[in-house]
Structure formats: C-alpha cells, structure tokens
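Reproduced below: coords.txt, with compact mmCIF, C-alpha atoms and all ligand atoms.
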# COMPACT_ATOMS: atom_id res chain seq x y z
CA MET A 1 180.98 40.61 58.90
CA ASP A 2 178.12 42.86 57.87
CA TRP A 3 176.06 44.20 60.78
CA ARG A 4 173.03 42.49 59.24
CA THR A 5 174.71 39.12 59.57
CA LYS A 6 175.88 39.93 63.10
CA LEU A 7 172.26 40.52 64.11
CA LEU A 8 171.49 36.92 63.27
CA ASP A 9 174.37 35.23 65.05
CA PRO A 10 172.73 32.53 67.21
CA THR A 11 175.85 31.84 69.28
CA PRO A 12 175.17 32.74 72.95
CA GLN A 13 177.18 35.71 74.18
CA ALA A 14 176.29 35.79 77.88
CA ARG A 15 177.36 33.17 80.41
CA ARG A 16 175.03 30.17 80.35
CA ASP A 17 175.58 28.94 83.90
CA TYR A 18 172.75 30.86 85.58
CA SER A 19 171.39 28.43 88.12
CA SER A 20 167.87 29.68 88.76
CA LEU A 21 165.76 28.55 91.68
CA VAL A 22 162.84 28.26 89.26
CA THR A 23 162.55 26.56 85.88
CA PRO A 24 163.36 29.05 83.11
CA VAL A 25 160.97 29.56 80.21
CA TYR A 26 162.64 27.98 77.19
CA ARG A 27 161.00 29.17 74.02
CA GLY A 28 162.06 27.48 70.85
CA SER A 29 161.07 25.44 67.85
CA THR A 30 164.31 24.58 66.04
CA VAL A 31 166.96 22.54 67.81
CA VAL A 32 170.58 22.94 66.73
CA PHE A 33 172.42 19.60 66.53
CA ASP A 34 176.14 19.10 67.11
CA ASP A 35 176.61 17.48 63.71
CA GLN A 36 174.66 15.87 60.89
CA ALA A 37 174.86 12.43 62.44
CA SER A 38 173.03 13.72 65.55
CA VAL A 39 169.96 14.94 63.65
CA THR A 40 166.78 13.27 65.00
CA ASP A 41 163.03 13.84 65.03
CA ASP A 42 161.81 11.81 67.98
CA TRP A 43 159.22 12.45 70.70
CA ARG A 44 161.35 10.50 73.22
CA GLN A 45 163.47 13.50 74.10
CA ASP A 46 164.08 12.26 77.67
CA ASP A 47 166.05 9.36 76.31
CA HIS A 48 167.35 10.56 72.95
CA GLY A 49 168.02 14.25 73.52
CA TYR A 50 166.18 17.28 72.24
CA SER A 51 165.02 17.13 68.64
CA TYR A 52 162.17 19.61 68.17
CA GLY A 53 160.29 22.14 70.30
CA LEU A 54 157.05 20.46 69.21
CA TYR A 55 157.73 17.65 71.71
CA GLY A 56 158.50 20.13 74.48
CA THR A 57 161.31 22.44 75.47
CA PRO A 58 163.00 21.87 78.86
CA THR A 59 160.15 23.85 80.49
CA ALA A 60 157.47 21.39 79.32
CA LEU A 61 159.68 18.39 80.02
CA GLU A 62 160.31 19.66 83.55
CA LEU A 63 156.54 19.93 84.09
CA ALA A 64 156.04 16.44 82.66
CA ALA A 65 158.68 15.01 84.99
CA ARG A 66 157.13 16.77 88.00
CA ILE A 67 153.64 15.47 87.20
CA ALA A 68 154.99 11.94 86.70
CA GLY A 69 156.81 12.17 90.05
CA ILE A 70 153.75 13.43 91.92
CA GLU A 71 151.43 10.82 90.40
CA ASP A 72 154.00 8.00 90.66
CA ALA A 73 153.73 7.43 86.94
CA TYR A 74 156.37 5.89 84.69
CA LYS A 75 156.33 9.09 82.58
CA SER A 76 153.92 11.84 81.57
CA LEU A 77 153.19 13.85 78.45
CA ILE A 78 152.03 17.48 78.55
CA VAL A 79 149.30 18.40 76.06
CA PRO A 80 147.37 21.61 75.25
CA GLY A 81 144.38 20.89 77.53
CA GLY A 82 142.35 18.26 79.31
CA GLN A 83 140.28 17.57 76.22
CA ALA A 84 143.45 17.06 74.15
CA ALA A 85 144.54 14.53 76.78
CA ILE A 86 141.23 12.68 76.36
CA ALA A 87 141.62 12.71 72.56
CA LEU A 88 145.17 11.38 72.76
CA ILE A 89 144.08 8.46 74.96
CA TYR A 90 141.15 7.55 72.69
CA LEU A 91 143.29 7.67 69.57
CA ALA A 92 146.15 5.69 71.14
CA TYR A 93 143.94 2.95 72.60
CA CYS A 94 141.06 2.57 70.15
CA PRO A 95 141.88 1.21 66.69
CA ALA A 96 139.14 1.12 64.04
CA GLY A 97 136.63 -1.62 64.79
CA SER A 98 137.29 -1.60 68.53
CA HIS A 99 134.87 -1.07 71.40
CA ALA A 100 135.33 1.18 74.44
CA LEU A 101 133.31 1.92 77.58
CA VAL A 102 132.75 5.34 79.12
CA PRO A 103 130.70 6.19 82.24
CA TYR A 104 127.62 8.23 81.40
CA SER A 105 128.70 10.70 84.09
CA ALA A 106 131.89 11.47 82.12
CA TYR A 107 132.90 15.00 81.20
CA GLY A 108 130.52 16.13 78.42
CA PRO A 109 133.15 16.71 75.70
CA ASN A 110 134.54 13.20 76.34
CA LYS A 111 131.12 11.76 75.48
CA ALA A 112 130.86 14.16 72.53
CA MET A 113 134.15 12.81 71.19
CA ALA A 114 132.88 9.26 71.68
CA GLU A 115 129.76 9.98 69.64
CA GLY A 116 131.50 12.22 67.11
CA LEU A 117 135.10 11.66 66.10
CA MET A 118 135.38 8.12 67.47
CA ARG A 119 132.17 6.89 65.88
CA GLY A 120 133.38 8.33 62.56
CA LEU A 121 136.57 6.30 62.98
CA ASN A 122 134.47 3.15 63.44
CA VAL A 123 135.05 2.90 67.18
CA GLU A 124 131.97 2.09 69.26
CA VAL A 125 132.03 3.83 72.62
CA GLU A 126 129.32 2.51 74.90
CA PRO A 127 128.13 4.47 77.95
CA TYR A 128 127.87 2.58 81.26
CA ASP A 129 126.52 3.18 84.74
CA PRO A 130 129.39 4.75 86.72
CA LEU A 131 128.36 2.71 89.81
CA ILE A 132 128.51 -0.61 87.95
CA GLY A 133 131.69 -1.78 89.74
CA ALA A 134 132.61 -5.42 89.04
CA GLY A 135 129.48 -5.69 86.86
CA ILE A 136 131.51 -4.03 84.09
CA ALA A 137 132.71 -7.57 83.26
CA ASP A 138 129.38 -8.24 81.50
CA LEU A 139 129.94 -5.33 79.12
CA ILE A 140 133.44 -6.29 78.01
CA ARG A 141 133.58 -7.74 74.50
CA ASP A 142 136.38 -9.43 72.59
CA THR A 143 136.83 -6.13 70.74
CA THR A 144 136.99 -3.95 73.89
CA THR A 145 140.34 -2.16 74.16
CA LEU A 146 139.64 0.68 76.62
CA ILE A 147 137.52 1.40 79.68
CA TRP A 148 137.29 4.99 80.84
CA CYS A 149 136.76 5.90 84.48
CA GLU A 150 136.07 9.37 85.80
CA SER A 151 135.66 9.52 89.55
CA PRO A 152 133.82 11.44 90.80
CA GLY A 153 131.75 11.89 87.66
CA SER A 154 131.11 15.33 86.20
CA VAL A 155 128.15 17.15 87.82
CA THR A 156 126.46 14.07 89.35
CA MET A 157 129.66 13.19 91.28
CA GLU A 158 129.40 9.37 91.36
CA ILE A 159 132.51 7.85 92.98
CA GLN A 160 133.45 4.76 91.03
CA ASP A 161 134.81 1.45 92.30
CA VAL A 162 137.94 1.84 90.19
CA PRO A 163 139.80 -1.21 91.62
CA ALA A 164 136.83 -3.48 90.79
CA ILE A 165 136.67 -2.11 87.24
CA VAL A 166 140.45 -2.52 86.83
CA THR A 167 140.29 -6.14 88.00
CA ALA A 168 137.51 -6.98 85.52
CA ALA A 169 139.29 -5.12 82.69
CA HIS A 170 142.71 -6.66 83.26
CA ALA A 171 141.18 -10.15 83.42
CA ARG A 172 140.23 -9.57 79.75
CA GLY A 173 143.42 -7.73 78.76
CA VAL A 174 141.61 -4.38 78.54
CA SER A 175 143.33 -1.10 79.51
CA VAL A 176 141.78 1.36 81.96
CA ALA A 177 142.08 5.14 81.58
CA LEU A 178 141.14 7.55 84.34
CA ASP A 179 140.17 11.20 84.19
CA ASN A 180 141.75 12.20 87.51
CA THR A 181 141.08 15.95 87.24
CA TYR A 182 138.87 16.20 90.35
CA ALA A 183 141.64 14.70 92.48
CA ALA A 184 144.31 16.99 90.98
CA GLY A 185 146.33 13.81 90.45
CA VAL A 186 146.98 13.64 94.22
CA MET A 187 143.76 12.89 96.15
CA PHE A 188 143.34 9.58 94.28
CA ASP A 189 146.40 7.46 93.50
CA ALA A 190 145.57 6.19 90.01
CA PHE A 191 148.45 3.78 89.62
CA ALA A 192 148.22 2.28 93.13
CA HIS A 193 144.62 1.45 92.16
CA GLY A 194 145.74 -0.30 88.97
CA VAL A 195 144.90 2.28 86.30
CA ASP A 196 146.98 2.08 83.07
CA VAL A 197 146.79 5.68 81.92
CA SER A 198 145.70 8.70 83.93
CA MET A 199 144.99 12.19 82.65
CA GLN A 200 144.10 15.49 84.21
CA ALA A 201 143.17 18.94 83.02
CA LEU A 202 146.09 20.93 84.48
CA THR A 203 143.86 23.86 83.53
CA LYS A 204 142.05 23.22 86.81
CA TYR A 205 143.97 22.73 90.07
CA VAL A 206 147.57 22.68 88.90
CA GLY A 207 147.14 25.94 86.98
CA GLY A 208 144.87 27.03 89.80
CA HIS A 209 144.29 30.61 88.66
CA SER A 210 142.05 30.32 85.56
CA ASP A 211 144.78 31.74 83.34
CA LEU A 212 146.15 28.75 81.43
CA LEU A 213 145.05 25.67 79.51
CA LEU A 214 147.08 22.46 79.74
CA GLY A 215 146.59 18.75 80.22
CA SER A 216 148.71 15.79 81.24
CA VAL A 217 148.65 12.14 80.27
CA SER A 218 150.52 9.83 82.64
CA ALA A 219 151.52 6.28 81.82
CA ARG A 220 151.72 3.41 84.28
CA ASP A 221 154.62 1.73 82.47
CA SER A 222 156.81 1.93 79.38
CA ALA A 223 154.28 -0.11 77.35
CA ALA A 224 151.58 2.51 77.95
CA PHE A 225 154.05 5.33 77.26
CA GLU A 226 155.20 3.78 73.97
CA ARG A 227 151.58 3.42 72.92
CA LEU A 228 150.81 7.10 73.59
CA GLY A 229 154.02 8.67 72.30
CA PRO A 230 153.74 8.06 68.53
CA ILE A 231 150.14 9.37 68.50
CA TYR A 232 151.24 12.39 70.55
CA GLN A 233 153.91 13.06 67.91
CA GLN A 234 151.54 12.51 64.96
CA LEU A 235 148.90 14.85 66.42
CA GLY A 236 151.48 17.58 67.04
CA LEU A 237 150.19 18.40 70.52
CA ALA A 238 152.55 21.33 71.15
CA VAL A 239 152.26 23.34 74.38
CA SER A 240 153.31 26.87 75.28
CA PRO A 241 156.42 27.07 77.47
CA ASP A 242 154.89 30.13 79.17
CA ASP A 243 151.85 28.11 80.20
CA CYS A 244 154.10 25.30 81.43
CA SER A 245 156.02 27.82 83.51
CA LEU A 246 152.75 28.99 85.10
CA ALA A 247 151.76 25.37 85.76
CA LEU A 248 155.13 24.74 87.46
CA ARG A 249 154.43 27.75 89.67
CA GLY A 250 150.93 26.39 90.34
CA LEU A 251 152.45 23.16 91.67
CA GLN A 252 154.33 25.13 94.34
CA THR A 253 151.06 26.25 95.97
CA LEU A 254 148.86 23.27 95.08
CA ALA A 255 149.02 21.77 98.58
CA VAL A 256 148.07 24.97 100.44
CA ARG A 257 145.30 25.72 97.98
CA LEU A 258 143.85 22.20 98.18
CA ASP A 259 143.98 22.19 102.00
CA THR A 260 142.11 25.48 102.22
CA LEU A 261 139.63 24.55 99.47
CA GLU A 262 138.81 21.20 101.06
CA LYS A 263 137.88 22.78 104.40
CA ALA A 264 135.89 25.66 102.92
CA THR A 265 134.04 23.38 100.48
CA LEU A 266 133.01 20.96 103.23
CA GLU A 267 131.76 23.84 105.35
CA ILE A 268 129.61 25.14 102.50
CA ALA A 269 128.37 21.67 101.47
CA ASN A 270 127.29 20.96 105.05
CA TRP A 271 125.55 24.32 105.28
CA LEU A 272 123.66 23.60 102.04
CA ALA A 273 122.63 20.15 103.32
CA SER A 274 120.88 21.86 106.25
CA GLN A 275 118.80 24.22 104.08
CA ALA A 276 115.04 23.68 103.81
CA THR A 277 114.93 24.16 100.02
CA VAL A 278 117.82 21.74 99.31
CA GLU A 279 116.88 18.16 98.47
CA THR A 280 120.36 16.62 98.44
CA VAL A 281 124.05 17.44 98.25
CA TYR A 282 126.46 15.48 96.06
CA HIS A 283 129.79 16.03 97.77
CA PRO A 284 132.11 12.98 97.83
CA ALA A 285 132.76 13.29 101.58
CA LEU A 286 129.04 13.29 102.44
CA PRO A 287 127.10 9.99 102.69
CA THR A 288 124.46 11.42 100.31
CA CYS A 289 126.99 11.22 97.44
CA PRO A 290 126.55 8.09 95.28
CA GLY A 291 129.61 5.89 95.80
CA HIS A 292 130.62 7.71 99.01
CA GLU A 293 131.94 4.40 100.44
CA ASN A 294 134.41 4.17 97.52
CA TRP A 295 135.60 7.70 98.29
CA LYS A 296 136.15 6.75 101.96
CA ARG A 297 138.12 3.68 100.95
CA ASP A 298 140.21 5.11 98.09
CA PHE A 299 140.65 8.89 98.38
CA LYS A 300 143.03 10.97 100.48
CA GLY A 301 140.63 13.91 100.58
CA SER A 302 138.10 15.95 98.67
CA THR A 303 138.48 19.11 96.61
CA SER A 304 136.38 22.14 95.67
CA VAL A 305 133.68 20.94 93.25
CA PHE A 306 130.30 19.52 94.20
CA SER A 307 126.64 19.72 93.23
CA PHE A 308 123.33 20.08 95.00
CA VAL A 309 119.73 19.61 93.98
CA PHE A 310 116.89 21.93 94.98
CA LYS A 311 113.61 20.44 96.21
CA ASP A 312 110.89 20.17 93.56
CA THR A 313 109.08 23.11 95.16
CA VAL A 314 111.73 25.24 93.41
CA SER A 315 111.19 25.80 89.68
CA PRO A 316 114.02 25.89 87.10
CA GLU A 317 113.23 29.59 86.59
CA GLN A 318 113.79 30.15 90.31
CA VAL A 319 117.08 28.24 90.11
CA GLU A 320 118.16 30.52 87.28
CA ALA A 321 117.12 33.61 89.26
CA PHE A 322 119.09 32.25 92.23
CA LEU A 323 122.23 31.95 90.07
CA ASN A 324 121.79 35.42 88.63
CA THR A 325 121.41 36.88 92.14
CA LEU A 326 124.70 35.44 93.42
CA GLU A 327 127.42 38.01 93.70
CA TRP A 328 130.62 36.26 94.73
CA PHE A 329 129.79 33.08 92.87
CA LYS A 330 130.40 33.88 89.22
CA ILE A 331 128.55 31.91 86.55
CA GLY A 332 131.16 29.78 84.82
CA LEU A 333 132.28 26.27 83.92
CA SER A 334 136.05 25.79 84.22
CA TRP A 335 136.71 25.31 87.92
CA GLY A 336 139.80 24.91 90.10
CA GLY A 337 140.78 28.58 90.29
CA VAL A 338 140.64 31.04 93.16
CA ASN A 339 137.11 32.31 92.42
CA SER A 340 133.87 30.58 93.33
CA LEU A 341 131.61 29.51 90.46
CA ALA A 342 128.05 28.31 90.07
CA VAL A 343 126.20 26.87 87.08
CA MET A 344 122.98 24.94 86.48
CA TYR A 345 122.43 22.02 84.08
CA PRO A 346 118.88 22.30 82.72
CA ASP A 347 119.27 19.42 80.22
CA LEU A 348 121.62 17.07 82.05
CA ASP A 349 121.56 13.76 80.18
CA ARG A 350 121.46 10.89 82.70
CA PRO A 351 119.51 7.69 82.02
CA HIS A 352 116.91 6.97 84.72
CA GLN A 353 117.55 10.32 86.42
CA ASP A 354 115.74 13.59 85.85
CA PHE A 355 116.79 16.53 87.96
CA GLY A 356 114.13 18.75 86.41
CA GLY A 357 116.58 21.62 85.94
CA ARG A 358 117.20 21.77 89.71
CA ILE A 359 120.83 20.61 89.86
CA VAL A 360 123.50 23.24 90.48
CA ARG A 361 127.25 22.70 90.47
CA LEU A 362 129.48 24.84 92.63
CA ASN A 363 133.21 25.41 92.61
CA ILE A 364 134.47 26.91 95.84
CA GLY A 365 137.30 29.40 95.59
CA LEU A 366 139.57 31.00 98.16
CA GLU A 367 137.10 33.66 99.32
CA THR A 368 136.23 33.47 103.04
CA PRO A 369 133.58 30.74 103.43
CA GLN A 370 131.33 32.92 105.63
CA ASP A 371 131.04 35.46 102.80
CA LEU A 372 130.16 32.69 100.35
CA ILE A 373 127.51 31.26 102.69
CA ALA A 374 126.05 34.75 103.13
CA ASP A 375 125.95 35.09 99.33
CA LEU A 376 124.10 31.74 98.95
CA ALA A 377 121.70 32.56 101.80
CA ARG A 378 120.82 35.92 100.28
CA ALA A 379 120.15 34.40 96.85
CA MET A 380 118.04 31.60 98.41
CA ARG A 381 115.84 33.94 100.45
CA PRO A 382 113.09 34.25 97.78
CA LEU A 383 112.83 30.44 97.36
C1 LIG B 401 137.82 20.65 82.51
C2 LIG B 401 137.84 19.19 82.38
C3 LIG B 401 138.44 18.58 81.28
C4 LIG B 401 138.96 19.35 80.09
O1 LIG B 401 140.00 20.20 80.38
P1 LIG B 401 140.35 21.44 79.40
O2 LIG B 401 141.71 21.81 79.83
O3 LIG B 401 139.29 22.47 79.68
O4 LIG B 401 140.29 20.92 78.00
C5 LIG B 401 138.49 17.19 81.25
N1 LIG B 401 137.97 16.45 82.24
C6 LIG B 401 137.37 17.01 83.31
C7 LIG B 401 136.82 16.13 84.37
C8 LIG B 401 137.28 18.39 83.41
O5 LIG B 401 136.65 18.93 84.46

Can the structure from this file be put into structure tokens for me?
Amino acid sequence: MDWRTKLLDPTPQARRDYSSLVTPVYRGSTVVFDDQASVTDDWRQDDHGYSYGLYGTPTALELAARIAGIEDAYKSLIVPGGQAAIALIYLAYCPAGSHALVPYSAYGPNKAMAEGLMRGLNVEVEPYDPLIGAGIADLIRDTTTLIWCESPGSVTMEIQDVPAIVTAAHARGVSVALDNTYAAGVMFDAFAHGVDVSMQALTKYVGGHSDLLLGSVSARDSAAFERLGPIYQQLGLAVSPDDCSLALRGLQTLAVRLDTLEKATLEIANWLASQATVETVYHPALPTCPGHENWKRDFKGSTSVFSFVFKDTVSPEQVEAFLNTLEWFKIGLSWGGVNSLAVMYPDLDRPHQDFGGRIVRLNIGLETPQDLIADLARAMRPL
C-alpha cells in the first residue's frame, strides 16, 4: 500500500477500551455503517443507532440525556443556543394559520421572532399579561396551538402562575412551552407543573462561564418529542461537541455555583431594597416582585438575576453614569457566568408600565458580595 493511502486508513490502531471518568469529545460528521442495509439518516439516534453527526455525536447525546434526567423529561434535544431552542418550539408547534400566546415579559428575541419570522409564516402570536393566570382561558381560540410561559419574565421578573395556565391550556388541547432558563432547569420543575415542552439557554447557568452557546429543548412525553424531532432534523441544528463537553463540565459544578449565587444575590438585593434612591427591587424571593406568591409556592430557590428601579429623582442620564462608574459589574447582557453584570433598559416595552429609563438588571457573579455592594455604593454616591 502506498504511504499516501496508509495516511487515510480510518481503521483505529490504538485500543478503544479507554474508560474515562469524563465524557470524551467525539468529533465527527460521517458515520461508518456495518453494511449497506444498516445505512440510515434519522434524528432518533438513541433508538436507531448513530446515523449522522448532525444529530449529535455521543458527546451531545450524553449532554441531552443528562439534561433530560435532571429535568425529569422524557428526552431532550441539544441545539446551538437558547434562541434556536425557541425557534424550534415555535416551528414545531405553530402551523400556518395558527395562533399562539406569549407573555409580554418574554425574552426580547422571542417576541422579535413572533413579530418577524412567525408573522411571515402566517402565525399570529399575541402578547399577554404574564400575571394573567387562569384568565388566559379567555384568550384561547380554536386556532391556538401554543402558549409560551417564561417565569420569571425577562427584566421585569413577573413570576407566572404556570399551573393555572397549563390547566386552562390543556382544557382546550393547547400545548404549553416554558422558557426555564432563569431556573437553570432545576429551581422550577417544569414537568411536575404540567408543562409540555421546556427549554433553557444552556449558555447561561449550565455553561456557567460565558464561554459557550447552547440550548436544550426537553419534551414531557414521546408525543412532544416526535413533534420536535423532525423539525430539529429539517433545520439542521448541529452543535459543537467541544461546547457540549464544556456544558457537561458545567453540570458538575452547577449545584455549588447556584447555592453560592443564590445567597450572594439575596444579600445584594436586600441591600439595594434599603437604599434611599431605590424605588423597588424585582427579585423573585422578595415580596416586592410581581407574582412572588407563585415563586413561594412553585420554586425550589432563586438564582442570580434580578432588577431594580431607581426613584424618579434619578434621571436616566444619572442611571447611565451609575452603570459606567461600576467597576466589578461589567456592562453586558448574557448572564449566568462567574462575573457580575449590569445593564439598563431605556426603552423597555411594557404595556401600562413606564420605568422612565430607571430600571437596571443585575446578574450577580461569584465575586465576594461585600466587594459588589461596595462597588454599587460607590457608584450610587452621586445620586
Ligand atoms: C439568554 C436567553 C435566551 C437565549 O439564549 P442564547 O443561548 O443566548 O440564544 C433565551 N431565553 C432567556 C430567558 C434568556 O435569558
């Protein structure tokens, strides 16, 4: 055999029985089949064997199985990010001509997809008050196929009455999807509360270090999984095995990070609530958070993101100066990592609510809380 041919011999030479404590990174697109009769192209690799790296190598499938196990799902799919997870759910649940409901406190790009891509596909996505609870029944139409929940909501942090919404939805045969990113898939048990499909941006707490982008979509039962799978295959939502490996590592420290973050975040939220220039604090564990009673009833704990509103004696320019003065709080959007973040929302779009550019969202990281409080106090001094 020519040396050139030898270079291309795919037959493994080393022993293959290395039993690693951690999940190896399997890179690969092409799968080699035993014989022609075994050739398949099927997203259901759990059941039918591997067919194509596009539907995940063993690294991605291991992550999917872990997420499903932690969330008590039937099965999960791993996708390139939280927004891809949202897109997959919309496209799997909303045929042309259908109607869907999304809380107006939902993640901004979710609403952008509702008004952009989905509207273009002749799907009407109607925003609703996140605190509507059982009243959602009045908004359900014969054409409604999907109700989104996101609890707490993005920025304004409303905790929804998910069980009441599920009851109303299921009475009309409507499926309920939940963006469970805040809860890291663990602080709120989506399936115990009746949700049909739950997604999270693994980018946030599971990744935990601001160095990867991934999402998960978890199905309550095989019916939900079979609805998602073909769309997942048609969209070609491939993920990087390296990112999946990092996410698997993130899972190993998720509990210690969440424990520490919960305590530090509460300490800082309580400190903010006692400041003269702060009007209110929207932290799910504080009674000033809309829907706090739902949090008390349904959640196992709180995490690291919350918002607060300055009193109207503080101008938006002063809020901006406050943010720019912070040292340990970096100005940034994608939370859940080890660093604290702050950002203001000058044009937050909420019907019947105008924060006048005075709402600030914080993400607390793993820095020592006393240093973070000192940072906030220093930046607030001129106010
Ligand atoms: C960040 C986020 C997403 C999107 O996740 P990406 O991985 O950034 O696409 C979706 N939902 C919520 C609530 C988020 O905070």

Take the point (133.9, 9.3, 78.0) in the file's coordinates, draw a sphere of radius 8 Å around it, and report as a list of chain:residue names every protein, DNA or RNA residue with an atom inside or on it, counting only C-alpha atoms.
A:Leu101, A:Val102, A:Pro103, A:Tyr104, A:Ala106, A:Tyr107, A:Gly108, A:Pro109, A:Asn110, A:Lys111, A:Ala112, A:Met113, A:Ala114, A:Val125, A:Pro127, A:Trp148, A:Cys149

Sort by chain and increasing residue number a table of all residues of chain A within 10 Å of ligand LIG 401 (chain B), each with its closest pair of atoms and their distance in Å to one decimal, counting only C-alpha atoms and all ligand atoms, and write it as a tab-separated table.
residue	atom	partner	partner_atom	distance
A:Val79	CA	B:LIG401	O2	9.1
A:Pro80	CA	B:LIG401	O2	7.3
A:Gly81	CA	B:LIG401	O2	3.6
A:Gly82	CA	B:LIG401	O1	3.2
A:Gln83	CA	B:LIG401	O4	3.8
A:Ala84	CA	B:LIG401	O4	6.3
A:Ala85	CA	B:LIG401	O4	7.8
A:Ile86	CA	B:LIG401	C5	7.2
A:Ala87	CA	B:LIG401	O4	9.9
A:Ser105	CA	B:LIG401	C7	9.8
A:Ala106	CA	B:LIG401	C7	7.1
A:Tyr107	CA	B:LIG401	C7	5.2
A:Gly108	CA	B:LIG401	N1	8.4
A:Pro109	CA	B:LIG401	C5	7.7
A:Asn110	CA	B:LIG401	C5	7.5
A:Glu150	CA	B:LIG401	C7	7.0
A:Ser151	CA	B:LIG401	C7	8.5
A:Pro152	CA	B:LIG401	C7	8.5
A:Gly153	CA	B:LIG401	C7	7.4
A:Ser154	CA	B:LIG401	C7	6.0
A:Val155	CA	B:LIG401	O5	9.3
A:Leu178	CA	B:LIG401	C7	9.6
A:Asp179	CA	B:LIG401	C7	6.0
A:Asn180	CA	B:LIG401	C7	7.0
A:Thr181	CA	B:LIG401	C7	5.1
A:Tyr182	CA	B:LIG401	C7	6.3
A:Ala183	CA	B:LIG401	C7	9.5
A:Met199	CA	B:LIG401	N1	8.2
A:Gln200	CA	B:LIG401	N1	6.5
A:Ala201	CA	B:LIG401	O1	4.3
A:Leu202	CA	B:LIG401	O2	6.4
A:Thr203	CA	B:LIG401	O2	4.7
A:Lys204	CA	B:LIG401	C1	6.6
A:Tyr205	CA	B:LIG401	C1	10.0
A:Gly207	CA	B:LIG401	O2	9.9
A:Leu212	CA	B:LIG401	O2	8.4
A:Leu213	CA	B:LIG401	O2	5.1
A:Leu214	CA	B:LIG401	O2	5.4
A:Gly215	CA	B:LIG401	O2	5.8
A:Ser216	CA	B:LIG401	O2	9.3
A:Val305	CA	B:LIG401	O5	9.5
A:Leu333	CA	B:LIG401	C1	8.0
A:Ser334	CA	B:LIG401	C1	5.7
A:Trp335	CA	B:LIG401	C1	7.2
A:Gly336	CA	B:LIG401	O5	8.8

Could you write out the selected residues, including C-alpha atoms, as an mmCIF file, in the coordinates of the input?
data_model
loop_
_atom_site.group_PDB
_atom_site.id
_atom_site.type_symbol
_atom_site.label_atom_id
_atom_site.label_comp_id
_atom_site.auth_asym_id
_atom_site.auth_seq_id
_atom_site.Cartn_x
_atom_site.Cartn_y
_atom_site.Cartn_z
ATOM 1 C CA VAL A 79 149.300 18.400 76.060
ATOM 2 C CA PRO A 80 147.370 21.610 75.250
ATOM 3 C CA GLY A 81 144.380 20.890 77.530
ATOM 4 C CA GLY A 82 142.350 18.260 79.310
ATOM 5 C CA GLN A 83 140.280 17.570 76.220
ATOM 6 C CA ALA A 84 143.450 17.060 74.150
ATOM 7 C CA ALA A 85 144.540 14.530 76.780
ATOM 8 C CA ILE A 86 141.230 12.680 76.360
ATOM 9 C CA ALA A 87 141.620 12.710 72.560
ATOM 10 C CA SER A 105 128.700 10.700 84.090
ATOM 11 C CA ALA A 106 131.890 11.470 82.120
ATOM 12 C CA TYR A 107 132.900 15.000 81.200
ATOM 13 C CA GLY A 108 130.520 16.130 78.420
ATOM 14 C CA PRO A 109 133.150 16.710 75.700
ATOM 15 C CA ASN A 110 134.540 13.200 76.340
ATOM 16 C CA GLU A 150 136.070 9.370 85.800
ATOM 17 C CA SER A 151 135.660 9.520 89.550
ATOM 18 C CA PRO A 152 133.820 11.440 90.800
ATOM 19 C CA GLY A 153 131.750 11.890 87.660
ATOM 20 C CA SER A 154 131.110 15.330 86.200
ATOM 21 C CA VAL A 155 128.150 17.150 87.820
ATOM 22 C CA LEU A 178 141.140 7.550 84.340
ATOM 23 C CA ASP A 179 140.170 11.200 84.190
ATOM 24 C CA ASN A 180 141.750 12.200 87.510
ATOM 25 C CA THR A 181 141.080 15.950 87.240
ATOM 26 C CA TYR A 182 138.870 16.200 90.350
ATOM 27 C CA ALA A 183 141.640 14.700 92.480
ATOM 28 C CA MET A 199 144.990 12.190 82.650
ATOM 29 C CA GLN A 200 144.100 15.490 84.210
ATOM 30 C CA ALA A 201 143.170 18.940 83.020
ATOM 31 C CA LEU A 202 146.090 20.930 84.480
ATOM 32 C CA THR A 203 143.860 23.860 83.530
ATOM 33 C CA LYS A 204 142.050 23.220 86.810
ATOM 34 C CA TYR A 205 143.970 22.730 90.070
ATOM 35 C CA GLY A 207 147.140 25.940 86.980
ATOM 36 C CA LEU A 212 146.150 28.750 81.430
ATOM 37 C CA LEU A 213 145.050 25.670 79.510
ATOM 38 C CA LEU A 214 147.080 22.460 79.740
ATOM 39 C CA GLY A 215 146.590 18.750 80.220
ATOM 40 C CA SER A 216 148.710 15.790 81.240
ATOM 41 C CA VAL A 305 133.680 20.940 93.250
ATOM 42 C CA LEU A 333 132.280 26.270 83.920
ATOM 43 C CA SER A 334 136.050 25.790 84.220
ATOM 44 C CA TRP A 335 136.710 25.310 87.920
ATOM 45 C CA GLY A 336 139.800 24.910 90.100
#

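Reported to one decimal place, the separation of atom CA of A:Gly56 from atom CA of A:His209 is 22.6 Å.
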
Neighbours of stretch 237-239 of chain A within 9 Å (all atoms listed in the file; same-chain residues fewer than 2 positions away dropped), as a ChimeraX atom specification?
/A:53-56,60,78-81,84,88,214,232-235,241-244

Saved selection, atoms kept: C-alpha atoms, as an mmCIF file, in the coordinates of the input:
data_model
loop_
_atom_site.group_PDB
_atom_site.id
_atom_site.type_symbol
_atom_site.label_atom_id
_atom_site.label_comp_id
_atom_site.auth_asym_id
_atom_site.auth_seq_id
_atom_site.Cartn_x
_atom_site.Cartn_y
_atom_site.Cartn_z
ATOM 1 C CA GLY A 53 160.290 22.140 70.300
ATOM 2 C CA LEU A 54 157.050 20.460 69.210
ATOM 3 C CA TYR A 55 157.730 17.650 71.710
ATOM 4 C CA GLY A 56 158.500 20.130 74.480
ATOM 5 C CA ALA A 60 157.470 21.390 79.320
ATOM 6 C CA ILE A 78 152.030 17.480 78.550
ATOM 7 C CA VAL A 79 149.300 18.400 76.060
ATOM 8 C CA PRO A 80 147.370 21.610 75.250
ATOM 9 C CA GLY A 81 144.380 20.890 77.530
ATOM 10 C CA ALA A 84 143.450 17.060 74.150
ATOM 11 C CA LEU A 88 145.170 11.380 72.760
ATOM 12 C CA LEU A 214 147.080 22.460 79.740
ATOM 13 C CA TYR A 232 151.240 12.390 70.550
ATOM 14 C CA GLN A 233 153.910 13.060 67.910
ATOM 15 C CA GLN A 234 151.540 12.510 64.960
ATOM 16 C CA LEU A 235 148.900 14.850 66.420
ATOM 17 C CA PRO A 241 156.420 27.070 77.470
ATOM 18 C CA ASP A 242 154.890 30.130 79.170
ATOM 19 C CA ASP A 243 151.850 28.110 80.200
ATOM 20 C CA CYS A 244 154.100 25.300 81.430
#

With only C-alpha atoms as the basis for distance, which of A:Arg4, A:Lys296, A:Arg381, A:Arg361 is at the shortest distance from A:Ile159?
A:Lys296

The residues within 12 Å of (136.2, 1.8, 100.3), using all atoms listed in the file and the coordinates of the file, should be reported as a list in words; which are they?
Ile159, Gln160, Asp161, Val162, Pro163, Ala164, His193, Gly291, His292, Glu293, Asn294, Trp295, Lys296, Arg297, Asp298, Phe299 and Lys300 of chain A

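Of the listed residues (A:Ala14, A:Met187, A:Ala379, A:Val195), A:Val195 comes nearest to A:Ala168; the distances count only C-alpha atoms.
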
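When atom CA of A:Lys311 is paired with atom CA of A:Glu279, their separation reads 4.6 Å.
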